[in-house]
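S.K.: For reference, the structure I am asking about is given below.
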Amino acid sequence: MTGTALTFTIHADGRSFEETLLIRTCVIAGWTGRDKVALEKHIVELEELGVPRPASTPIYYRVSAARLTTATAIESTGPDSSGEIEFMIVNAGGRRYLGIGSDHTDRKVETYNITVSKQMCDKPVAPELWALDDVLPHWDSLILRSFAVIDGARVLYQEGTVNAMLPPAEIVAGFQGENLAGGSVMFCGTLAAKGGIRPAQRFEFEIEDPILKRTIRHGYDVAVLPVAG
């Protein structure tokens, strides 16, 4: 079976170690908001870009695992893509981990086919993971935050706690009523963008654990490829 090998620094059981994980399945869970008002805000935000309302919430999109990358730069076809921070659940080696990624998406393609838009772009992920069991006792205190560099200025793009989304076990359980198989990554939803969804030359994102006083950070530059024809 095909897959992509990603090397992470894993923090678990009071120690840190490097491990390469083979990821065979990538799932993007959309519209996972716990707060229905905030969920509606994000749906309207996308409707303003021409993206139709989802048929159900949550909804699950499959993406090639080869799109996952820990690189610090990606290439995007045309100027209409943008990133968004998501916490992600990684199931590998018989254990579940928490990480973060950016569901970088082509917004123009998204207006006519969301599944295709997800597949159009690489999905940058931070090269660090926490054991999920270590953070579940204080789950709702975890903070997601992203910054966008637009026209040379670094601005706060998204910020909020993970309790804006459904609990991870509930999101995972909704995927065709199945458990997340080994060798899988699931992106679990995002926050509304401050000032609206828009492209950036660079996107940075982080998850902060104020209880255990630690943060995972990652960032990547976006090179825009020309569209011929």
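A note on labels: chains of the structure tokens are A, B, ... as shown, every chain counts residues from 1, and ligands are counted from 1 in their shown order.
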Could you give me, as a list in words, the residues within 10 Å of Leu180 of chain A, counting only C-alpha atoms and dropping anything in the same chain fewer than 5 positions from it?
M.R.: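 In the requested form, the answer reads Thr25, Val27, Ile89, Val90, Asn91, Ala92, Arg96, Ala169, Val172, Ala173, Gly174, Phe175, Val185 and Met186 of chain A.
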S.K.: Give me, as a count of residues only, all polymer residues having an atom no more than 7 Å from Thr111 of chain A, counting only C-alpha atoms and skipping those fewer than 6 positions away in the same chain.
M.R.: 4
S.K.: For Ile216 of chain A, list every protein, DNA or RNA residue within 12 Å, evaluated using only C-alpha atoms, and leave out those in the same chain fewer than 2 positions away; present the list as a VMD selection string.
M.R.: chain A and resid 8 to 11 87 98 to 101 125 to 130 142 to 146 204 to 210 213 to 214 218 to 219
S.K.: For a test of reading the model, state the distance in Å between atom CA of Phe187 of chain A and atom CA of His104 of chain A, rounded to one decimal.
M.R.: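 Here the two named atoms are 11.4 Å from each other.
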S.K.: Write out as a PyMOL selection string the set of residues from segment 7-214 of chain A that DSSP, computed on the backbone, places in helix (DSSP H, G or I).
M.R.: chain A and resi 36-47+65-67+107-110+114-120+132-141+162-164+168-173
S.K.: Hey, which of A:Gly189, A:Gly182, A:Gly3, A:Pro137 ends up closest to Ala29 of chain A? Count only C-alpha atoms.
M.R.: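 Smallest separation from Ala29 of chain A among the options: A:Gly189.
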S.K.: Could you give me, as a PyMOL selection string, the residues within 10 Å of Gly33 of chain A, counting only C-alpha atoms and dropping anything in the same chain fewer than 4 positions from it?
M.R.: chain A and resi 37-40+42+57-58+162-167+171+188-191
S.K.: Atoms to include: N, CA and C atoms. Write the selected residues as a PDB file, in the first residue's frame.
M.R.:
ATOM      1  N   VAL A  37     -23.122  29.073  16.314  1.00  0.00           N
ATOM      2  CA  VAL A  37     -23.032  30.454  15.823  1.00  0.00           C
ATOM      3  C   VAL A  37     -21.708  30.663  15.085  1.00  0.00           C
ATOM      4  N   ALA A  38     -20.611  30.193  15.692  1.00  0.00           N
ATOM      5  CA  ALA A  38     -19.302  30.312  15.050  1.00  0.00           C
ATOM      6  C   ALA A  38     -19.239  29.471  13.782  1.00  0.00           C
ATOM      7  N   LEU A  39     -19.879  28.306  13.821  1.00  0.00           N
ATOM      8  CA  LEU A  39     -19.924  27.437  12.640  1.00  0.00           C
ATOM      9  C   LEU A  39     -20.625  28.133  11.488  1.00  0.00           C
ATOM     10  N   GLU A  40     -21.737  28.767  11.800  1.00  0.00           N
ATOM     11  CA  GLU A  40     -22.483  29.486  10.769  1.00  0.00           C
ATOM     12  C   GLU A  40     -21.657  30.641  10.200  1.00  0.00           C
ATOM     13  N   HIS A  42     -18.415  30.736   9.834  1.00  0.00           N
ATOM     14  CA  HIS A  42     -17.432  30.206   8.901  1.00  0.00           C
ATOM     15  C   HIS A  42     -18.096  29.776   7.595  1.00  0.00           C
ATOM     16  N   THR A  57     -22.949  18.426   8.438  1.00  0.00           N
ATOM     17  CA  THR A  57     -21.878  18.869   9.335  1.00  0.00           C
ATOM     18  C   THR A  57     -21.772  17.900  10.506  1.00  0.00           C
ATOM     19  N   PRO A  58     -20.558  17.385  10.776  1.00  0.00           N
ATOM     20  CA  PRO A  58     -19.324  17.544   9.999  1.00  0.00           C
ATOM     21  C   PRO A  58     -19.417  16.809   8.656  1.00  0.00           C
ATOM     22  N   VAL A 162      -9.383  25.171  21.199  1.00  0.00           N
ATOM     23  CA  VAL A 162      -9.850  24.011  20.432  1.00  0.00           C
ATOM     24  C   VAL A 162     -11.298  23.655  20.758  1.00  0.00           C
ATOM     25  N   ASN A 163     -11.841  24.197  21.848  1.00  0.00           N
ATOM     26  CA  ASN A 163     -13.232  23.873  22.172  1.00  0.00           C
ATOM     27  C   ASN A 163     -14.213  24.557  21.227  1.00  0.00           C
ATOM     28  N   ALA A 164     -13.675  25.322  20.262  1.00  0.00           N
ATOM     29  CA  ALA A 164     -14.541  25.823  19.183  1.00  0.00           C
ATOM     30  C   ALA A 164     -15.002  24.670  18.301  1.00  0.00           C
ATOM     31  N   MET A 165     -14.219  23.574  18.316  1.00  0.00           N
ATOM     32  CA  MET A 165     -14.565  22.390  17.535  1.00  0.00           C
ATOM     33  C   MET A 165     -15.076  21.277  18.451  1.00  0.00           C
ATOM     34  N   LEU A 166     -15.736  20.303  17.860  1.00  0.00           N
ATOM     35  CA  LEU A 166     -16.179  19.143  18.615  1.00  0.00           C
ATOM     36  C   LEU A 166     -14.968  18.429  19.218  1.00  0.00           C
ATOM     37  N   PRO A 167     -15.156  17.660  20.287  1.00  0.00           N
ATOM     38  CA  PRO A 167     -14.044  16.896  20.852  1.00  0.00           C
ATOM     39  C   PRO A 167     -13.478  15.927  19.819  1.00  0.00           C
ATOM     40  N   ILE A 171     -15.290  13.782  16.579  1.00  0.00           N
ATOM     41  CA  ILE A 171     -14.981  14.039  15.167  1.00  0.00           C
ATOM     42  C   ILE A 171     -14.535  12.755  14.484  1.00  0.00           C
ATOM     43  N   CYS A 188      -8.997  18.350  11.796  1.00  0.00           N
ATOM     44  CA  CYS A 188     -10.250  18.337  12.562  1.00  0.00           C
ATOM     45  C   CYS A 188     -11.010  19.658  12.623  1.00  0.00           C
ATOM     46  N   GLY A 189     -10.784  20.557  11.682  1.00  0.00           N
ATOM     47  CA  GLY A 189     -11.580  21.779  11.651  1.00  0.00           C
ATOM     48  C   GLY A 189     -10.759  23.011  11.978  1.00  0.00           C
ATOM     49  N   THR A 190     -11.328  24.169  11.643  1.00  0.00           N
ATOM     50  CA  THR A 190     -10.566  25.410  11.775  1.00  0.00           C
ATOM     51  C   THR A 190     -11.412  26.503  12.416  1.00  0.00           C
ATOM     52  N   LEU A 191     -10.804  27.675  12.567  1.00  0.00           N
ATOM     53  CA  LEU A 191     -11.437  28.844  13.153  1.00  0.00           C
ATOM     54  C   LEU A 191     -11.694  29.883  12.066  1.00  0.00           C
TER      55      LEU A 191
END
S.K.: From the options A:Arg95, A:Thr7, A:Cys121, A:Ser56, which residue's atoms come nearest to Asp134 of chain A, counting only C-alpha atoms?
M.R.: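 Among the listed residues, A:Arg95 lies closest to Asp134 of chain A.
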S.K.: As a ChimeraX atom specification, list the residues of segment 53-213 of chain A assigned to strand (DSSP E or B) by DSSP on the backbone atoms of this structure.
M.R.: /A:59-63,68-69,73-77,81-82,85-92,95-102,105-106,123-125,128-131,143-150,153-161,165,184-187,202-209
S.K.: Quick one: pull the distance between atom CA of Asp80 of chain A and atom CA of Met120 of chain A, Å, one decimal.
M.R.: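 Going from atom CA of Asp80 of chain A over to atom CA of Met120 of chain A covers 11.3 Å.
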S.K.: What's the 10 Å shell around Gly196 of chain A, counting only C-alpha atoms, without same-chain residues fewer than 6 positions away, as a list in words?
M.R.: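 Counting only the stated atoms, we get His42, Glu45, Leu46, Glu48, Leu49, Tyr157 and Gln158 of chain A.
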S.K.: For Arg67 of chain A, please output as a list in words all residues within 10 Å (counting only C-alpha atoms; exclusion window: fewer than 2 positions along the same chain).
M.R.: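 So, after excluding close chain neighbours, the residues are Thr4, Cys26, Val63, Ser64, Ala65, Thr69, Lys118, Gln119, Met120, Cys121, Asp122, Lys123 and Pro124 of chain A.
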S.K.: For N, CA and C atoms, I'd like the residues from the last selection saved as a PDB file, in the first residue's frame.
M.R.:
ATOM      1  N   THR A   4       3.039   8.058   2.655  1.00  0.00           N
ATOM      2  CA  THR A   4       4.123   9.023   2.723  1.00  0.00           C
ATOM      3  C   THR A   4       4.771   8.938   4.097  1.00  0.00           C
ATOM      4  N   CYS A  26      -5.227  10.222   4.647  1.00  0.00           N
ATOM      5  CA  CYS A  26      -5.399  11.603   5.132  1.00  0.00           C
ATOM      6  C   CYS A  26      -6.864  12.003   4.941  1.00  0.00           C
ATOM      7  N   VAL A  63      -8.033  13.110   1.061  1.00  0.00           N
ATOM      8  CA  VAL A  63      -6.937  13.767   0.364  1.00  0.00           C
ATOM      9  C   VAL A  63      -5.780  12.775   0.283  1.00  0.00           C
ATOM     10  N   SER A  64      -5.044  12.813  -0.800  1.00  0.00           N
ATOM     11  CA  SER A  64      -3.877  11.942  -0.931  1.00  0.00           C
ATOM     12  C   SER A  64      -2.898  12.203   0.206  1.00  0.00           C
ATOM     13  N   ALA A  65      -2.420  11.132   0.841  1.00  0.00           N
ATOM     14  CA  ALA A  65      -1.429  11.268   1.910  1.00  0.00           C
ATOM     15  C   ALA A  65      -0.139  11.903   1.397  1.00  0.00           C
ATOM     16  N   THR A  69       3.175  17.363   4.123  1.00  0.00           N
ATOM     17  CA  THR A  69       4.584  17.732   4.069  1.00  0.00           C
ATOM     18  C   THR A  69       4.977  18.522   5.317  1.00  0.00           C
ATOM     19  N   LYS A 118      -9.340  20.660  -2.131  1.00  0.00           N
ATOM     20  CA  LYS A 118      -8.490  20.139  -1.061  1.00  0.00           C
ATOM     21  C   LYS A 118      -7.274  19.404  -1.640  1.00  0.00           C
ATOM     22  N   GLN A 119      -7.493  18.709  -2.748  1.00  0.00           N
ATOM     23  CA  GLN A 119      -6.436  17.913  -3.361  1.00  0.00           C
ATOM     24  C   GLN A 119      -5.439  18.782  -4.132  1.00  0.00           C
ATOM     25  N   MET A 120      -5.816  20.016  -4.454  1.00  0.00           N
ATOM     26  CA  MET A 120      -4.987  20.881  -5.285  1.00  0.00           C
ATOM     27  C   MET A 120      -3.691  21.324  -4.600  1.00  0.00           C
ATOM     28  N   CYS A 121      -3.696  21.366  -3.260  1.00  0.00           N
ATOM     29  CA  CYS A 121      -2.583  21.990  -2.544  1.00  0.00           C
ATOM     30  C   CYS A 121      -1.926  21.046  -1.547  1.00  0.00           C
ATOM     31  N   ASP A 122      -0.627  21.246  -1.342  1.00  0.00           N
ATOM     32  CA  ASP A 122       0.069  20.525  -0.278  1.00  0.00           C
ATOM     33  C   ASP A 122      -0.511  20.924   1.074  1.00  0.00           C
ATOM     34  N   LYS A 123      -0.371  20.023   2.053  1.00  0.00           N
ATOM     35  CA  LYS A 123      -0.885  20.253   3.405  1.00  0.00           C
ATOM     36  C   LYS A 123       0.295  20.295   4.377  1.00  0.00           C
ATOM     37  N   PRO A 124       0.833  21.469   4.654  1.00  0.00           N
ATOM     38  CA  PRO A 124       1.962  21.562   5.583  1.00  0.00           C
ATOM     39  C   PRO A 124       1.554  21.169   7.007  1.00  0.00           C
TER      40      PRO A 124
END
